[in-house]
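Containing PDB, C-alpha atoms: model_23.pdb.
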ATOM      1  CA  MET A   1    -150.956 -19.851  -1.506
ATOM      2  CA  ALA A   2    -147.693 -19.122   0.319
ATOM      3  CA  LEU A   3    -145.682 -15.915   0.343
ATOM      4  CA  GLU A   4    -142.150 -17.050  -0.406
ATOM      5  CA  ARG A   5    -139.423 -16.192   2.099
ATOM      6  CA  LEU A   6    -141.705 -13.870   4.032
ATOM      7  CA  GLU A   7    -139.755 -11.624   6.406
ATOM      8  CA  LEU A   8    -141.160  -9.166   8.940
ATOM      9  CA  ILE A   9    -139.254  -5.881   8.710
ATOM     10  CA  SER A  10    -141.041  -4.018  11.510
ATOM     11  CA  GLU A  11    -144.304  -3.892  13.421
ATOM     12  CA  HIS A  12    -146.024  -1.170  15.366
ATOM     13  CA  GLY A  13    -149.034  -1.280  17.691
ATOM     14  CA  CYS A  14    -151.729   0.890  16.164
ATOM     15  CA  PHE A  15    -155.291   1.579  17.457
ATOM     16  CA  GLY A  16    -155.512  -1.836  19.053
ATOM     17  CA  GLY A  17    -154.255  -3.552  15.918
ATOM     18  CA  VAL A  18    -150.817  -3.761  14.370
ATOM     19  CA  GLN A  19    -149.147  -2.075  11.414
ATOM     20  CA  ARG A  20    -146.521  -4.331   9.880
ATOM     21  CA  PHE A  21    -144.007  -3.994   7.069
ATOM     22  CA  TYR A  22    -142.854  -7.100   5.200
ATOM     23  CA  LYS A  23    -140.675  -8.236   2.354
ATOM     24  CA  HIS A  24    -140.817 -11.514   0.455
ATOM     25  CA  PHE A  25    -139.301 -13.012  -2.655
ATOM     26  CA  ASN A  26    -141.815 -13.385  -5.461
ATOM     27  CA  VAL A  27    -140.793 -16.254  -7.719
ATOM     28  CA  ASN A  28    -143.822 -16.633  -9.991
ATOM     29  CA  GLN A  29    -144.248 -13.149 -11.460
ATOM     30  CA  ILE A  30    -141.570 -10.652 -10.433
ATOM     31  CA  GLY A  31    -138.484 -12.745  -9.739
ATOM     32  CA  LEU A  32    -137.263 -10.213  -7.195
ATOM     33  CA  PRO A  33    -137.823  -9.297  -3.549
ATOM     34  CA  MET A  34    -141.008  -7.270  -3.022
ATOM     35  CA  ARG A  35    -142.273  -5.268  -0.065
ATOM     36  CA  PHE A  36    -145.728  -4.585   1.310
ATOM     37  CA  ALA A  37    -147.341  -3.080   4.385
ATOM     38  CA  LEU A  38    -150.269  -4.692   6.188
ATOM     39  CA  PHE A  39    -152.551  -3.304   8.878
ATOM     40  CA  LEU A  40    -154.356  -5.936  10.909
ATOM     41  CA  PRO A  41    -157.218  -4.589  13.042
ATOM     42  CA  PRO A  42    -157.835  -5.935  16.555
ATOM     43  CA  GLN A  43    -160.583  -8.233  15.232
ATOM     44  CA  ALA A  44    -158.038  -9.997  13.008
ATOM     45  CA  LEU A  45    -155.599 -10.354  15.891
ATOM     46  CA  ALA A  46    -158.426 -12.026  17.812
ATOM     47  CA  GLY A  47    -158.781 -14.619  15.059
ATOM     48  CA  GLN A  48    -161.737 -13.240  13.102
ATOM     49  CA  PRO A  49    -161.575 -13.599   9.262
ATOM     50  CA  VAL A  50    -161.953  -9.895   8.467
ATOM     51  CA  PRO A  51    -162.317  -8.369   4.978
ATOM     52  CA  LEU A  52    -159.268  -6.995   3.158
ATOM     53  CA  LEU A  53    -159.024  -3.599   1.454
ATOM     54  CA  THR A  54    -156.066  -3.186  -0.902
ATOM     55  CA  TYR A  55    -154.749   0.357  -1.395
ATOM     56  CA  LEU A  56    -152.641   1.017  -4.498
ATOM     57  CA  ALA A  57    -150.315   4.020  -4.284
ATOM     58  CA  GLY A  58    -149.277   6.442  -7.009
ATOM     59  CA  LEU A  59    -146.231   7.469  -9.007
ATOM     60  CA  THR A  60    -142.980   7.730  -6.994
ATOM     61  CA  CYS A  61    -144.604   6.102  -3.936
ATOM     62  CA  THR A  62    -143.775   2.919  -2.029
ATOM     63  CA  GLU A  63    -145.539   0.549   0.354
ATOM     64  CA  GLU A  64    -144.806   3.027   3.149
ATOM     65  CA  THR A  65    -146.482   6.101   1.654
ATOM     66  CA  ALA A  66    -150.170   5.563   2.359
ATOM     67  CA  ALA A  67    -149.522   3.447   5.451
ATOM     68  CA  MET A  68    -147.774   6.454   7.002
ATOM     69  CA  LYS A  69    -149.644   9.393   5.441
ATOM     70  CA  ALA A  70    -153.272   8.435   4.732
ATOM     71  CA  GLY A  71    -154.395   8.040   8.336
ATOM     72  CA  ALA A  72    -156.546   5.014   7.572
ATOM     73  CA  GLN A  73    -155.757   2.788  10.549
ATOM     74  CA  ARG A  74    -157.931   4.429  13.220
ATOM     75  CA  LEU A  75    -161.254   3.882  11.471
ATOM     76  CA  ALA A  76    -160.124   0.595   9.896
ATOM     77  CA  ALA A  77    -159.568  -0.700  13.437
ATOM     78  CA  GLN A  78    -163.086   0.311  14.427
ATOM     79  CA  LEU A  79    -164.655  -1.176  11.292
ATOM     80  CA  GLY A  80    -162.627  -4.374  11.339
ATOM     81  CA  LEU A  81    -160.915  -3.886   7.971
ATOM     82  CA  ALA A  82    -157.460  -5.223   7.166
ATOM     83  CA  LEU A  83    -155.464  -2.897   4.900
ATOM     84  CA  LEU A  84    -152.886  -4.038   2.351
ATOM     85  CA  PHE A  85    -150.413  -1.524   0.908
ATOM     86  CA  PRO A  86    -148.333  -3.109  -1.892
ATOM     87  CA  ASP A  87    -145.255  -1.496  -3.344
ATOM     88  CA  THR A  88    -145.878   0.110  -6.715
ATOM     89  CA  SER A  89    -143.226  -1.645  -8.805
ATOM     90  CA  PRO A  90    -140.202  -3.942  -8.656
ATOM     91  CA  ARG A  91    -136.939  -2.567  -7.263
ATOM     92  CA  ASN A  92    -133.251  -3.260  -7.818
ATOM     93  CA  SER A  93    -133.826  -5.105 -11.069
ATOM     94  CA  GLY A  94    -130.530  -4.060 -12.604
ATOM     95  CA  ILE A  95    -132.373  -2.604 -15.596
ATOM     96  CA  ASP A  96    -130.727   0.585 -16.815
ATOM     97  CA  GLY A  97    -133.045   3.490 -16.074
ATOM     98  CA  GLU A  98    -135.231   1.710 -13.514
ATOM     99  CA  ASP A  99    -134.970   4.640 -11.107
ATOM    100  CA  HIS A 100    -136.021   7.248 -13.649
ATOM    101  CA  HIS A 101    -137.874   5.520 -16.461
ATOM    102  CA  TRP A 102    -140.103   7.971 -18.312
ATOM    103  CA  ASP A 103    -139.057  10.663 -15.827
ATOM    104  CA  PHE A 104    -141.519   9.328 -13.260
ATOM    105  CA  GLY A 105    -138.962   8.306 -10.682
ATOM    106  CA  VAL A 106    -139.267   4.904  -9.066
ATOM    107  CA  GLY A 107    -142.721   3.494  -8.650
ATOM    108  CA  ALA A 108    -144.141   3.733 -12.170
ATOM    109  CA  GLY A 109    -145.460   0.181 -12.390
ATOM    110  CA  PHE A 110    -148.943   1.179 -13.623
ATOM    111  CA  TYR A 111    -150.342  -2.096 -12.218
ATOM    112  CA  LEU A 112    -150.146  -4.017 -15.474
ATOM    113  CA  ASP A 113    -148.098  -6.851 -16.993
ATOM    114  CA  ALA A 114    -145.425  -5.414 -19.283
ATOM    115  CA  THR A 115    -144.889  -7.101 -22.628
ATOM    116  CA  GLU A 116    -141.951  -5.031 -23.905
ATOM    117  CA  HIS A 117    -138.210  -5.422 -23.339
ATOM    118  CA  PRO A 118    -136.628  -4.793 -20.871
ATOM    119  CA  TRP A 119    -139.613  -4.430 -18.530
ATOM    120  CA  ALA A 120    -141.415  -7.681 -19.323
ATOM    121  CA  GLY A 121    -138.940  -9.752 -17.335
ATOM    122  CA  HIS A 122    -139.941  -8.331 -13.947
ATOM    123  CA  TRP A 123    -142.760  -5.776 -14.406
ATOM    124  CA  GLN A 124    -145.706  -8.174 -14.007
ATOM    125  CA  MET A 125    -147.590  -6.177 -11.408
ATOM    126  CA  GLU A 126    -151.122  -7.196 -12.360
ATOM    127  CA  SER A 127    -150.380 -10.915 -12.108
ATOM    128  CA  TYR A 128    -148.290 -10.402  -8.978
ATOM    129  CA  LEU A 129    -151.071  -8.606  -7.140
ATOM    130  CA  LEU A 130    -154.003 -10.773  -8.184
ATOM    131  CA  GLN A 131    -152.397 -14.204  -8.364
ATOM    132  CA  ASP A 132    -149.750 -14.020  -5.657
ATOM    133  CA  LEU A 133    -149.809 -11.131  -3.197
ATOM    134  CA  ILE A 134    -153.495 -10.724  -2.374
ATOM    135  CA  PRO A 135    -154.247 -14.489  -2.225
ATOM    136  CA  GLY A 136    -151.029 -15.007  -0.280
ATOM    137  CA  VAL A 137    -151.876 -12.358   2.298
ATOM    138  CA  VAL A 138    -155.402 -13.746   2.670
ATOM    139  CA  SER A 139    -154.028 -17.234   3.287
ATOM    140  CA  GLU A 140    -151.075 -16.255   5.472
ATOM    141  CA  PHE A 141    -153.085 -14.056   7.833
ATOM    142  CA  GLY A 142    -156.449 -15.833   7.881
ATOM    143  CA  LEU A 143    -158.424 -13.056   6.166
ATOM    144  CA  ASP A 144    -161.729 -13.404   4.322
ATOM    145  CA  GLY A 145    -160.884 -13.906   0.653
ATOM    146  CA  GLN A 146    -164.546 -13.564  -0.323
ATOM    147  CA  ARG A 147    -164.673  -9.994   0.963
ATOM    148  CA  LEU A 148    -162.069  -8.019  -0.962
ATOM    149  CA  GLY A 149    -162.137  -4.332  -1.823
ATOM    150  CA  ILE A 150    -159.711  -2.153  -3.774
ATOM    151  CA  THR A 151    -158.890   1.537  -3.804
ATOM    152  CA  GLY A 152    -155.954   3.720  -4.781
ATOM    153  CA  HIS A 153    -154.582   7.177  -5.476
ATOM    154  CA  SER A 154    -153.536   8.680  -8.829
ATOM    155  CA  MET A 155    -151.707   5.888 -10.715
ATOM    156  CA  GLY A 156    -153.034   3.622  -7.962
ATOM    157  CA  GLY A 157    -156.541   4.891  -8.629
ATOM    158  CA  HIS A 158    -156.026   3.873 -12.241
ATOM    159  CA  GLY A 159    -154.866   0.493 -10.965
ATOM    160  CA  ALA A 160    -157.849   0.042  -8.682
ATOM    161  CA  LEU A 161    -160.349   0.889 -11.422
ATOM    162  CA  THR A 162    -158.731  -1.177 -14.159
ATOM    163  CA  LEU A 163    -157.997  -4.258 -12.052
ATOM    164  CA  ALA A 164    -161.542  -4.263 -10.685
ATOM    165  CA  LEU A 165    -163.004  -3.971 -14.186
ATOM    166  CA  ARG A 166    -160.598  -6.451 -15.790
ATOM    167  CA  HIS A 167    -161.260  -9.114 -13.156
ATOM    168  CA  PRO A 168    -165.001  -9.135 -12.477
ATOM    169  CA  GLY A 169    -166.014 -10.866  -9.303
ATOM    170  CA  MET A 170    -162.686 -10.587  -7.509
ATOM    171  CA  PHE A 171    -163.444  -7.332  -5.703
ATOM    172  CA  ARG A 172    -166.764  -6.536  -4.088
ATOM    173  CA  SER A 173    -166.078  -2.823  -3.555
ATOM    174  CA  LEU A 174    -164.240  -0.118  -5.479
ATOM    175  CA  SER A 175    -163.154   3.467  -4.950
ATOM    176  CA  ALA A 176    -160.364   5.854  -5.983
ATOM    177  CA  PHE A 177    -158.698   9.155  -5.143
ATOM    178  CA  ALA A 178    -157.815  11.413  -8.090
ATOM    179  CA  PRO A 179    -157.410   8.443 -10.458
ATOM    180  CA  ILE A 180    -155.882   8.538 -13.923
ATOM    181  CA  CYS A 181    -159.194   7.790 -15.604
ATOM    182  CA  ALA A 182    -158.215   7.852 -19.296
ATOM    183  CA  PRO A 183    -154.525   6.934 -19.570
ATOM    184  CA  THR A 184    -154.701   6.414 -23.340
ATOM    185  CA  ARG A 185    -155.392  10.168 -23.579
ATOM    186  CA  CYS A 186    -152.910  11.621 -21.073
ATOM    187  CA  PRO A 187    -149.109  12.070 -21.168
ATOM    188  CA  TRP A 188    -148.463   9.866 -18.116
ATOM    189  CA  GLY A 189    -150.448   6.978 -19.496
ATOM    190  CA  ARG A 190    -149.284   7.199 -23.090
ATOM    191  CA  LYS A 191    -145.645   7.299 -22.052
ATOM    192  CA  ALA A 192    -146.047   4.331 -19.721
ATOM    193  CA  PHE A 193    -148.099   2.283 -22.182
ATOM    194  CA  LEU A 194    -145.580   2.905 -24.961
ATOM    195  CA  GLY A 195    -142.778   1.660 -22.749
ATOM    196  CA  TYR A 196    -144.598  -1.276 -21.165
ATOM    197  CA  LEU A 197    -146.998  -2.398 -23.913
ATOM    198  CA  GLY A 198    -145.404  -1.167 -27.142
ATOM    199  CA  GLN A 199    -146.552   0.920 -30.078
ATOM    200  CA  ASP A 200    -149.770  -0.945 -30.875
ATOM    201  CA  GLU A 201    -152.317   1.305 -29.181
ATOM    202  CA  THR A 202    -155.035  -1.330 -29.430
ATOM    203  CA  ALA A 203    -153.202  -3.108 -26.593
ATOM    204  CA  TRP A 204    -153.540  -0.009 -24.448
ATOM    205  CA  THR A 205    -157.326   0.187 -24.424
ATOM    206  CA  SER A 206    -157.782  -2.768 -22.073
ATOM    207  CA  HIS A 207    -155.922  -0.792 -19.395
ATOM    208  CA  ASP A 208    -157.985   2.398 -19.684
ATOM    209  CA  ALA A 209    -160.680   2.619 -16.988
ATOM    210  CA  SER A 210    -163.009   4.841 -18.987
ATOM    211  CA  LEU A 211    -162.859   2.593 -22.049
ATOM    212  CA  LEU A 212    -163.249  -0.526 -19.926
ATOM    213  CA  MET A 213    -166.312   0.952 -18.235
ATOM    214  CA  ALA A 214    -167.840   2.032 -21.549
ATOM    215  CA  GLY A 215    -167.526  -1.542 -22.779
ATOM    216  CA  GLN A 216    -169.581  -3.031 -19.929
ATOM    217  CA  SER A 217    -172.958  -4.516 -20.794
ATOM    218  CA  SER A 218    -174.335  -3.635 -17.353
ATOM    219  CA  ALA A 219    -173.204  -1.909 -14.161
ATOM    220  CA  PRO A 220    -170.327  -3.959 -12.702
ATOM    221  CA  TYR A 221    -170.707  -2.343  -9.265
ATOM    222  CA  PRO A 222    -174.434  -1.750  -8.763
ATOM    223  CA  GLY A 223    -173.774  -0.690  -5.172
ATOM    224  CA  GLY A 224    -171.783   2.261  -6.478
ATOM    225  CA  ILE A 225    -168.199   3.450  -7.017
ATOM    226  CA  LEU A 226    -166.779   6.328  -4.979
ATOM    227  CA  VAL A 227    -164.248   8.733  -6.539
ATOM    228  CA  ASP A 228    -162.904  11.909  -4.933
ATOM    229  CA  GLN A 229    -161.139  14.612  -6.940
ATOM    230  CA  GLY A 230    -159.598  17.881  -5.779
ATOM    231  CA  LEU A 231    -160.305  20.894  -7.960
ATOM    232  CA  ALA A 232    -156.964  22.498  -7.045
ATOM    233  CA  ASP A 233    -155.158  19.422  -8.382
ATOM    234  CA  LYS A 234    -152.496  20.646 -10.828
ATOM    235  CA  PHE A 235    -152.803  17.392 -12.790
ATOM    236  CA  LEU A 236    -156.581  17.520 -13.197
ATOM    237  CA  ALA A 237    -156.892  19.009 -16.686
ATOM    238  CA  GLU A 238    -153.960  17.317 -18.416
ATOM    239  CA  GLN A 239    -153.603  13.925 -16.732
ATOM    240  CA  LEU A 240    -156.700  12.718 -14.863
ATOM    241  CA  TYR A 241    -159.870  13.120 -16.990
ATOM    242  CA  PRO A 242    -162.516  12.218 -14.381
ATOM    243  CA  GLU A 243    -165.173  13.467 -16.769
ATOM    244  CA  ALA A 244    -164.353  10.563 -19.104
ATOM    245  CA  LEU A 245    -165.073   8.039 -16.366
ATOM    246  CA  GLU A 246    -168.215   9.938 -15.410
ATOM    247  CA  ALA A 247    -169.517   9.794 -18.982
ATOM    248  CA  ALA A 248    -168.725   6.088 -19.305
ATOM    249  CA  CYS A 249    -170.507   5.276 -16.056
ATOM    250  CA  GLU A 250    -173.550   7.217 -17.159
ATOM    251  CA  GLN A 251    -173.530   5.351 -20.488
ATOM    252  CA  VAL A 252    -173.746   1.900 -18.854
ATOM    253  CA  GLY A 253    -175.840   2.856 -15.827
ATOM    254  CA  GLN A 254    -173.032   2.434 -13.306
ATOM    255  CA  PRO A 255    -173.756   4.409 -10.104
ATOM    256  CA  LEU A 256    -170.801   6.739  -9.511
ATOM    257  CA  ALA A 257    -170.309   9.229  -6.698
ATOM    258  CA  LEU A 258    -167.726  11.543  -8.274
ATOM    259  CA  ARG A 259    -167.153  14.201  -5.627
ATOM    260  CA  ARG A 260    -165.276  17.345  -6.649
ATOM    261  CA  HIS A 261    -163.670  19.326  -3.821
ATOM    262  CA  ALA A 262    -162.655  22.975  -4.100
ATOM    263  CA  GLY A 263    -159.290  23.828  -2.600
ATOM    264  CA  TYR A 264    -157.836  20.300  -2.503
ATOM    265  CA  ASP A 265    -154.742  19.330  -4.467
ATOM    266  CA  HIS A 266    -153.255  15.969  -5.488
ATOM    267  CA  GLY A 267    -151.380  15.105  -2.308
ATOM    268  CA  TYR A 268    -151.926  13.196   0.904
ATOM    269  CA  TYR A 269    -153.608  16.039   2.781
ATOM    270  CA  PHE A 270    -156.386  15.468   0.245
ATOM    271  CA  VAL A 271    -156.336  11.690   0.680
ATOM    272  CA  ALA A 272    -156.311  11.938   4.480
ATOM    273  CA  SER A 273    -159.254  14.344   4.383
ATOM    274  CA  PHE A 274    -161.563  11.803   2.738
ATOM    275  CA  ILE A 275    -160.093   8.406   3.621
ATOM    276  CA  ASP A 276    -162.772   7.767   6.258
ATOM    277  CA  ASP A 277    -165.530   8.063   3.656
ATOM    278  CA  HIS A 278    -163.774   5.487   1.514
ATOM    279  CA  LEU A 279    -163.302   3.100   4.417
ATOM    280  CA  ARG A 280    -167.007   3.334   5.254
ATOM    281  CA  HIS A 281    -167.890   2.835   1.589
ATOM    282  CA  HIS A 282    -165.902  -0.393   1.505
ATOM    283  CA  ALA A 283    -167.013  -1.577   4.938
ATOM    284  CA  GLN A 284    -170.664  -1.279   3.925
ATOM    285  CA  ALA A 285    -170.129  -3.250   0.716
ATOM    286  CA  LEU A 286    -167.967  -5.881   2.417
ATOM    287  CA  GLY A 287    -170.211  -6.368   5.419
ATOM    288  CA  ALA A 288    -167.580  -5.247   7.908
TER     289      ALA A 288
END
Write-out of the structure in structure tokens:
Amino acid sequence: MALERLELISEHGCFGGVQRFYKHFNVNQIGLPMRFALFLPPQALAGQPVPLLTYLAGLTCTEETAAMKAGAQRLAAQLGLALLFPDTSPRNSGIDGEDHHWDFGVGAGFYLDATEHPWAGHWQMESYLLQDLIPGVVSEFGLDGQRLGITGHSMGGHGALTLALRHPGMFRSLSAFAPICAPTRCPWGRKAFLGYLGQDETAWTSHDASLLMAGQSSAPYPGGILVDQGLADKFLAEQLYPEALEAACEQVGQPLALRRHAGYDHGYYFVASFIDDHLRHHAQALGA
């Protein structure tokens, strides 16, 4: 699997490894240039096939956001984890309203394949990530494609949960920061699903982490899922619904560490405070 027209934008030495920023042209799914950031730990630079943890960012973010703000590289270098930071949605599509669709600002891809006009032509984020970007990065940089983990923040937490549940066996470890756990019930999710998937709400349910979990016949991640949530998060009551995911996990016997933290809000000070726990969670499951 090749990454088409791969171009290195910049690279920076970082804790013995290297933080790089790339762009490439995705023909198969998006039909536009896409960007991503990749941290390669020193073990990867030495030729070892290290595991890969994909981090999906939230609304209004880009491939730069977590790479610059989460503070994940120091421990990832020690653990021998490569980190992939995709962009959140296509850019410069020429679609009217791309930069402010549904008042989210840019970056409202929701990590799904749109079926509705005008978004269906380029907004194929689920297929792009799972069929092109992640396999392409694994192949291009000699990573271990059998040891993949996924995490994310907010909309990216929704993406991590739903992609992991929709594609059993692809990811061996799963976690999330303040995820949108029940998007069929919250304003962010309903607005996005209406625009991307149309008015038939039965099509929405397969992109709702809590409903996907409740439909499992057994625990999909018997080693456990880690979720952190700040109790000072202004979006907690109206948008995030962690209690729905908690109830669904309990229903199917899925071990879930849902940690609630007083005084923490929705931003990257919160993410940076607990990123090390997530890296260790993934490293243990991936044998790093």
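Atom to atom, atom CA of Leu130 of chain A and atom CA of Tyr22 of chain A stand 17.8 Å apart.
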Rounded to one decimal in Å, what is the spacing between atom CA of Leu129 of chain A and atom CA of Ile30 of chain A?
->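 Pair atom CA of Leu129 of chain A / atom CA of Ile30 of chain A returns 10.3 Å.
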Chain and number of each residue from the PyMOL selection byres ((chain A and resi 208) around 8), as a PyMOL selection string | chain A and resi 158+162+181-184+204-207+209-212
Within 10 Å of (-161.9, 8.9, 8.0) (coordinates as in the file), grab all the protein and nucleic acid residues, counting all atoms listed in the file, and write them out as a PyMOL selection string.
-> chain A and resi 70-76+271-280
Report the distance between atom CA of Ser154 of chain A and atom CA of Arg185 of chain A in Å, rounded to one decimal place.
->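 Interatomic distance, atom CA of Ser154 of chain A to atom CA of Arg185 of chain A: 14.9 Å.
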Taking the file as shown, find all residues satisfying the PyMOL selection byres ((chain A and resi 198) around 12) and write them as a PDB file with C-alpha atoms, in the frame of the given file.
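See result.pdb below for the written result:
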ATOM      1  CA  ASP A 113    -148.098  -6.851 -16.993  1.00  0.00           C
ATOM      2  CA  ALA A 114    -145.425  -5.414 -19.283  1.00  0.00           C
ATOM      3  CA  THR A 115    -144.889  -7.101 -22.628  1.00  0.00           C
ATOM      4  CA  GLU A 116    -141.951  -5.031 -23.905  1.00  0.00           C
ATOM      5  CA  HIS A 117    -138.210  -5.422 -23.339  1.00  0.00           C
ATOM      6  CA  PRO A 118    -136.628  -4.793 -20.871  1.00  0.00           C
ATOM      7  CA  TRP A 119    -139.613  -4.430 -18.530  1.00  0.00           C
ATOM      8  CA  ALA A 120    -141.415  -7.681 -19.323  1.00  0.00           C
ATOM      9  CA  ARG A 190    -149.284   7.199 -23.090  1.00  0.00           C
ATOM     10  CA  LYS A 191    -145.645   7.299 -22.052  1.00  0.00           C
ATOM     11  CA  ALA A 192    -146.047   4.331 -19.721  1.00  0.00           C
ATOM     12  CA  PHE A 193    -148.099   2.283 -22.182  1.00  0.00           C
ATOM     13  CA  LEU A 194    -145.580   2.905 -24.961  1.00  0.00           C
ATOM     14  CA  GLY A 195    -142.778   1.660 -22.749  1.00  0.00           C
ATOM     15  CA  TYR A 196    -144.598  -1.276 -21.165  1.00  0.00           C
ATOM     16  CA  LEU A 197    -146.998  -2.398 -23.913  1.00  0.00           C
ATOM     17  CA  GLN A 199    -146.552   0.920 -30.078  1.00  0.00           C
ATOM     18  CA  ASP A 200    -149.770  -0.945 -30.875  1.00  0.00           C
ATOM     19  CA  GLU A 201    -152.317   1.305 -29.181  1.00  0.00           C
ATOM     20  CA  THR A 202    -155.035  -1.330 -29.430  1.00  0.00           C
ATOM     21  CA  ALA A 203    -153.202  -3.108 -26.593  1.00  0.00           C
ATOM     22  CA  TRP A 204    -153.540  -0.009 -24.448  1.00  0.00           C
TER      23      TRP A 204
END
Return as a list of chain:residue names the set of residues that the PyMOL selection byres ((chain A and resi 143) around 8) yields on the displayed structure.
-> A:Ala44, A:Gln48, A:Pro49, A:Val50, A:Pro51, A:Leu52, A:Ala82, A:Val137, A:Val138, A:Ser139, A:Phe141, A:Gly142, A:Asp144, A:Gly145
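Closest approach to His153 of chain A among A:Asn92, A:Gln29, A:Gln124, A:Gln229 is made by A:Gln229 (distances from all atoms listed in the file).
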Test item: which residues lie within 10 Å of (-170.3, 1.7, -6.0) counting only C-alpha atoms, as a PyMOL selection string | chain A and resi 172-175+219-227+254-257+281-282+285
Can you write out the residues you just picked, keeping C-alpha atoms, as a CSV table (one decimal), in the frame of the given file?
chain,number,residue,atom,x,y,z
A,172,ARG,CA,-166.8,-6.5,-4.1
A,173,SER,CA,-166.1,-2.8,-3.6
A,174,LEU,CA,-164.2,-0.1,-5.5
A,175,SER,CA,-163.2,3.5,-5.0
A,219,ALA,CA,-173.2,-1.9,-14.2
A,220,PRO,CA,-170.3,-4.0,-12.7
A,221,TYR,CA,-170.7,-2.3,-9.3
A,222,PRO,CA,-174.4,-1.8,-8.8
A,223,GLY,CA,-173.8,-0.7,-5.2
A,224,GLY,CA,-171.8,2.3,-6.5
A,225,ILE,CA,-168.2,3.4,-7.0
A,226,LEU,CA,-166.8,6.3,-5.0
A,227,VAL,CA,-164.2,8.7,-6.5
A,254,GLN,CA,-173.0,2.4,-13.3
A,255,PRO,CA,-173.8,4.4,-10.1
A,256,LEU,CA,-170.8,6.7,-9.5
A,257,ALA,CA,-170.3,9.2,-6.7
A,281,HIS,CA,-167.9,2.8,1.6
A,282,HIS,CA,-165.9,-0.4,1.5
A,285,ALA,CA,-170.1,-3.2,0.7
